[in-house]
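Asker: query_28.cif is reproduced in full below (mmCIF, N, CA and C atoms).
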data_work
loop_
_atom_site.label_atom_id
_atom_site.label_comp_id
_atom_site.auth_asym_id
_atom_site.auth_seq_id
_atom_site.Cartn_x
_atom_site.Cartn_y
_atom_site.Cartn_z
N MET A 1 -10.93 -9.30 17.67
CA MET A 1 -11.23 -7.97 17.21
C MET A 1 -12.16 -7.30 18.22
N THR A 2 -11.85 -6.05 18.53
CA THR A 2 -12.63 -5.30 19.50
C THR A 2 -13.87 -4.71 18.85
N ARG A 3 -14.99 -4.84 19.54
CA ARG A 3 -16.23 -4.23 19.06
C ARG A 3 -16.39 -2.87 19.71
N GLN A 4 -16.84 -1.90 18.92
CA GLN A 4 -17.06 -0.55 19.39
C GLN A 4 -18.45 -0.10 18.97
N SER A 5 -18.99 0.79 19.73
CA SER A 5 -20.25 1.41 19.37
C SER A 5 -19.98 2.89 19.17
N ILE A 6 -20.33 3.42 18.00
CA ILE A 6 -20.11 4.83 17.74
C ILE A 6 -21.39 5.48 17.22
N SER A 7 -21.51 6.77 17.43
CA SER A 7 -22.64 7.52 16.91
C SER A 7 -22.18 8.30 15.69
N LEU A 8 -23.00 8.30 14.65
CA LEU A 8 -22.66 8.99 13.41
C LEU A 8 -23.73 10.01 13.08
N THR A 9 -23.32 11.07 12.44
CA THR A 9 -24.31 12.02 11.93
C THR A 9 -25.00 11.36 10.73
N ASP A 10 -26.17 11.85 10.39
CA ASP A 10 -26.90 11.27 9.25
C ASP A 10 -26.09 11.32 7.95
N PRO A 11 -25.44 12.44 7.63
CA PRO A 11 -24.65 12.45 6.39
C PRO A 11 -23.49 11.45 6.40
N ASN A 12 -22.83 11.30 7.54
CA ASN A 12 -21.73 10.33 7.62
C ASN A 12 -22.24 8.91 7.50
N ASP A 13 -23.37 8.62 8.11
CA ASP A 13 -23.95 7.29 8.01
C ASP A 13 -24.36 6.99 6.57
N ALA A 14 -24.93 7.99 5.89
CA ALA A 14 -25.33 7.80 4.49
C ALA A 14 -24.11 7.56 3.62
N TRP A 15 -23.03 8.29 3.89
CA TRP A 15 -21.81 8.10 3.11
C TRP A 15 -21.23 6.70 3.32
N LEU A 16 -21.19 6.26 4.58
CA LEU A 16 -20.71 4.91 4.87
C LEU A 16 -21.56 3.86 4.14
N MET A 17 -22.85 4.03 4.20
CA MET A 17 -23.76 3.08 3.55
C MET A 17 -23.54 3.07 2.03
N ALA A 18 -23.30 4.24 1.46
CA ALA A 18 -23.04 4.32 0.02
C ALA A 18 -21.77 3.57 -0.35
N GLN A 19 -20.77 3.61 0.52
CA GLN A 19 -19.53 2.87 0.26
C GLN A 19 -19.80 1.37 0.25
N VAL A 20 -20.63 0.91 1.16
CA VAL A 20 -20.96 -0.51 1.23
C VAL A 20 -21.81 -0.90 0.02
N GLU A 21 -22.77 -0.06 -0.33
CA GLU A 21 -23.65 -0.36 -1.46
C GLU A 21 -22.92 -0.35 -2.80
N SER A 22 -21.78 0.33 -2.86
CA SER A 22 -21.00 0.35 -4.10
C SER A 22 -20.19 -0.93 -4.28
N ASN A 23 -20.31 -1.83 -3.31
CA ASN A 23 -19.59 -3.12 -3.30
C ASN A 23 -18.08 -2.95 -3.16
N GLU A 24 -17.66 -1.76 -2.75
CA GLU A 24 -16.25 -1.53 -2.48
C GLU A 24 -15.86 -2.17 -1.14
N TYR A 25 -16.81 -2.21 -0.24
CA TYR A 25 -16.61 -2.77 1.10
C TYR A 25 -17.78 -3.70 1.42
N THR A 26 -17.54 -4.59 2.36
CA THR A 26 -18.60 -5.53 2.72
C THR A 26 -19.45 -5.04 3.89
N SER A 27 -18.91 -4.06 4.64
CA SER A 27 -19.67 -3.55 5.79
C SER A 27 -19.16 -2.16 6.16
N LYS A 28 -19.95 -1.49 7.00
CA LYS A 28 -19.52 -0.19 7.50
C LYS A 28 -18.22 -0.33 8.30
N SER A 29 -18.08 -1.43 9.00
CA SER A 29 -16.86 -1.66 9.77
C SER A 29 -15.64 -1.71 8.87
N ASP A 30 -15.78 -2.33 7.70
CA ASP A 30 -14.67 -2.38 6.75
C ASP A 30 -14.28 -0.98 6.30
N VAL A 31 -15.28 -0.13 6.07
CA VAL A 31 -15.01 1.24 5.64
C VAL A 31 -14.25 1.98 6.75
N VAL A 32 -14.75 1.90 7.96
CA VAL A 32 -14.13 2.60 9.09
C VAL A 32 -12.71 2.09 9.31
N ASN A 33 -12.51 0.78 9.27
CA ASN A 33 -11.16 0.23 9.44
C ASN A 33 -10.22 0.72 8.35
N ASP A 34 -10.71 0.79 7.10
CA ASP A 34 -9.88 1.28 6.00
C ASP A 34 -9.52 2.75 6.20
N LEU A 35 -10.49 3.55 6.63
CA LEU A 35 -10.21 4.96 6.89
C LEU A 35 -9.16 5.13 7.99
N ILE A 36 -9.27 4.35 9.03
CA ILE A 36 -8.30 4.42 10.13
C ILE A 36 -6.93 3.97 9.64
N ARG A 37 -6.88 2.90 8.87
CA ARG A 37 -5.61 2.39 8.33
C ARG A 37 -4.94 3.47 7.47
N ARG A 38 -5.73 4.12 6.62
CA ARG A 38 -5.16 5.17 5.76
C ARG A 38 -4.67 6.37 6.58
N ALA A 39 -5.42 6.72 7.61
CA ALA A 39 -5.00 7.83 8.49
C ALA A 39 -3.70 7.48 9.20
N ARG A 40 -3.57 6.24 9.64
CA ARG A 40 -2.34 5.81 10.31
C ARG A 40 -1.16 5.85 9.36
N GLU A 41 -1.36 5.40 8.10
CA GLU A 41 -0.30 5.45 7.10
C GLU A 41 0.12 6.88 6.81
N ALA A 42 -0.86 7.77 6.69
CA ALA A 42 -0.56 9.18 6.44
C ALA A 42 0.23 9.77 7.61
N GLU A 43 -0.16 9.39 8.82
CA GLU A 43 0.55 9.88 10.01
C GLU A 43 1.99 9.39 10.02
N GLN A 44 2.21 8.13 9.65
CA GLN A 44 3.57 7.59 9.60
C GLN A 44 4.41 8.32 8.56
N LYS A 45 3.82 8.64 7.41
CA LYS A 45 4.55 9.37 6.37
C LYS A 45 4.92 10.77 6.87
N LEU A 46 3.98 11.42 7.55
CA LEU A 46 4.27 12.75 8.09
C LEU A 46 5.39 12.70 9.12
N GLU A 47 5.37 11.69 9.96
CA GLU A 47 6.43 11.56 10.97
C GLU A 47 7.78 11.35 10.31
N LEU A 48 7.83 10.59 9.23
CA LEU A 48 9.08 10.37 8.50
C LEU A 48 9.58 11.68 7.91
N ILE A 49 8.67 12.45 7.32
CA ILE A 49 9.04 13.75 6.75
C ILE A 49 9.53 14.68 7.85
N ARG A 50 8.83 14.70 8.98
CA ARG A 50 9.26 15.55 10.10
C ARG A 50 10.66 15.18 10.57
N ALA A 51 10.91 13.88 10.69
CA ALA A 51 12.22 13.42 11.14
C ALA A 51 13.30 13.84 10.15
N LYS A 52 13.02 13.73 8.87
CA LYS A 52 14.00 14.14 7.85
C LYS A 52 14.25 15.64 7.90
N LEU A 53 13.18 16.42 8.10
CA LEU A 53 13.34 17.87 8.19
C LEU A 53 14.16 18.26 9.41
N ILE A 54 13.88 17.61 10.54
CA ILE A 54 14.65 17.90 11.76
C ILE A 54 16.12 17.56 11.56
N LYS A 55 16.38 16.41 10.94
CA LYS A 55 17.76 16.00 10.68
C LYS A 55 18.45 17.02 9.77
N ALA A 56 17.74 17.47 8.74
CA ALA A 56 18.32 18.45 7.82
C ALA A 56 18.60 19.77 8.53
N GLU A 57 17.66 20.20 9.37
CA GLU A 57 17.86 21.45 10.11
C GLU A 57 19.03 21.35 11.06
N GLN A 58 19.19 20.21 11.70
CA GLN A 58 20.27 20.04 12.67
C GLN A 58 21.63 19.91 11.99
N SER A 59 21.63 19.53 10.71
CA SER A 59 22.91 19.40 10.01
C SER A 59 23.45 20.75 9.58
N GLY A 60 22.63 21.78 9.69
CA GLY A 60 23.07 23.13 9.33
C GLY A 60 22.65 23.49 7.92
N PHE A 61 22.53 24.78 7.70
CA PHE A 61 22.14 25.28 6.40
C PHE A 61 23.36 25.84 5.68
N VAL A 62 23.35 25.68 4.39
CA VAL A 62 24.43 26.22 3.58
C VAL A 62 23.80 27.21 2.60
N THR A 63 24.38 28.37 2.53
CA THR A 63 23.90 29.36 1.58
C THR A 63 24.97 29.51 0.50
N PRO A 64 24.76 28.82 -0.63
CA PRO A 64 25.78 28.89 -1.67
C PRO A 64 25.80 30.28 -2.33
N ASP A 65 26.98 30.68 -2.75
CA ASP A 65 27.06 31.96 -3.44
C ASP A 65 26.70 31.78 -4.91
N ARG A 66 26.55 32.87 -5.60
CA ARG A 66 26.12 32.85 -6.99
C ARG A 66 27.08 32.03 -7.86
N GLU A 67 28.37 32.22 -7.67
CA GLU A 67 29.37 31.51 -8.47
C GLU A 67 29.31 30.00 -8.21
N GLY A 68 29.11 29.62 -6.95
CA GLY A 68 29.01 28.20 -6.62
C GLY A 68 27.79 27.55 -7.24
N MET A 69 26.67 28.27 -7.23
CA MET A 69 25.46 27.73 -7.84
C MET A 69 25.63 27.59 -9.35
N LEU A 70 26.23 28.58 -10.00
CA LEU A 70 26.45 28.53 -11.44
C LEU A 70 27.36 27.35 -11.79
N LYS A 71 28.39 27.14 -11.00
CA LYS A 71 29.32 26.03 -11.24
C LYS A 71 28.58 24.69 -11.10
N GLU A 72 27.71 24.58 -10.09
CA GLU A 72 26.95 23.35 -9.89
C GLU A 72 25.98 23.10 -11.04
N PHE A 73 25.31 24.14 -11.52
CA PHE A 73 24.37 24.00 -12.64
C PHE A 73 25.10 23.55 -13.90
N LYS A 74 26.26 24.15 -14.15
CA LYS A 74 27.03 23.77 -15.34
C LYS A 74 27.50 22.32 -15.25
N ALA A 75 27.92 21.90 -14.07
CA ALA A 75 28.36 20.52 -13.88
C ALA A 75 27.20 19.55 -14.09
N GLN A 76 26.03 19.92 -13.60
CA GLN A 76 24.87 19.06 -13.77
C GLN A 76 24.49 18.96 -15.25
N ARG A 77 24.55 20.07 -15.95
CA ARG A 77 24.23 20.07 -17.38
C ARG A 77 25.21 19.21 -18.14
N LYS A 78 26.45 19.27 -17.77
CA LYS A 78 27.49 18.45 -18.41
C LYS A 78 27.24 16.97 -18.15
N ARG A 79 26.82 16.62 -16.92
CA ARG A 79 26.54 15.22 -16.58
C ARG A 79 25.35 14.67 -17.33
N THR A 80 24.30 15.49 -17.47
CA THR A 80 23.09 15.02 -18.13
C THR A 80 23.21 15.04 -19.65
N GLY A 81 24.17 15.78 -20.17
CA GLY A 81 24.41 15.79 -21.60
C GLY A 81 23.38 16.54 -22.42
N ASN A 82 22.62 17.40 -21.80
CA ASN A 82 21.67 18.21 -22.58
C ASN A 82 21.72 19.65 -22.09
N GLY A 83 21.00 20.49 -22.78
CA GLY A 83 21.02 21.92 -22.48
C GLY A 83 20.16 22.32 -21.31
N SER A 84 19.35 21.40 -20.79
CA SER A 84 18.47 21.77 -19.68
C SER A 84 19.09 21.36 -18.37
N VAL A 85 18.71 22.07 -17.34
CA VAL A 85 19.24 21.78 -16.00
C VAL A 85 18.26 20.94 -15.24
#
Let's see the structure in the file written out as structure tokens.
Answerer:
Amino acid sequence: MTRQSISLTDPNDAWLMAQVESNEYTSKSDVVNDLIRRAREAEQKLELIRAKLIKAEQSGFVTPDREGMLKEFKAQRKRTGNGSV
């Protein structure tokens, strides 16, 4: 594991210490590692969403007409067996 030295503002240091004192984490390093891990996960989710959006955009857009939308809604209502769409 790589050791790093970082400078923190007083409020950030107090917040980190409060996390450790709450017994949620065993050290400030644990808090920082968890924050980084969560940021990386969020970044991966965003990249997946971006990729899906790009794929959808590249597949082309369809603008259904009013009659087509009404037909689709009626078919969906028939499939679900209730009055709501």
Asker: Among chain A, which residues does DSSP mark as helix (DSSP H, G or I) when it is run on the backbone? Keep the chain and numbering as in the structure and answer as a ChimeraX atom specification.
Answerer: /A:10-21,28-58,66-80
Asker: Please write out, as lines of an AutoDock Vina configuration file, where the centre of an axis-aligned box around all listed atoms of range 36-55 of chain A lies and how long its edges are, in Å to one decimal, after adding 3 Å on each side.
Answerer:
center_x = 4.6
center_y = 10.3
center_z = 8.8
size_x = 33.7
size_y = 21.9
size_z = 12.0
Asker: What does the distance from atom N of Ser59 in chain A to atom C of Arg40 in chain A come to in Å, to one decimal?
Answerer: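 The value is 26.6 Å.
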Asker: Report, in Å with one decimal, the straight-line distance from CA of Ser7 in chain A to CA of Gln44 in chain A.
Answerer: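 Separation of CA of Ser7 in chain A and CA of Gln44 in chain A: 27.2 Å.
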Asker: CA of Asp10 in chain A to CA of Ala39 in chain A: how many Å, to one decimal?
Answerer: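 Interatomic distance here is 22.2 Å.
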Asker: Using only C-alpha atoms, pick whichever of A:Thr63, A:Trp15, A:Ser29, A:Glu57 has the shortest atom-to-atom distance to Met1 in chain A.
Answerer: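 Smallest distance to Met1 in chain A is found for A:Ser29.
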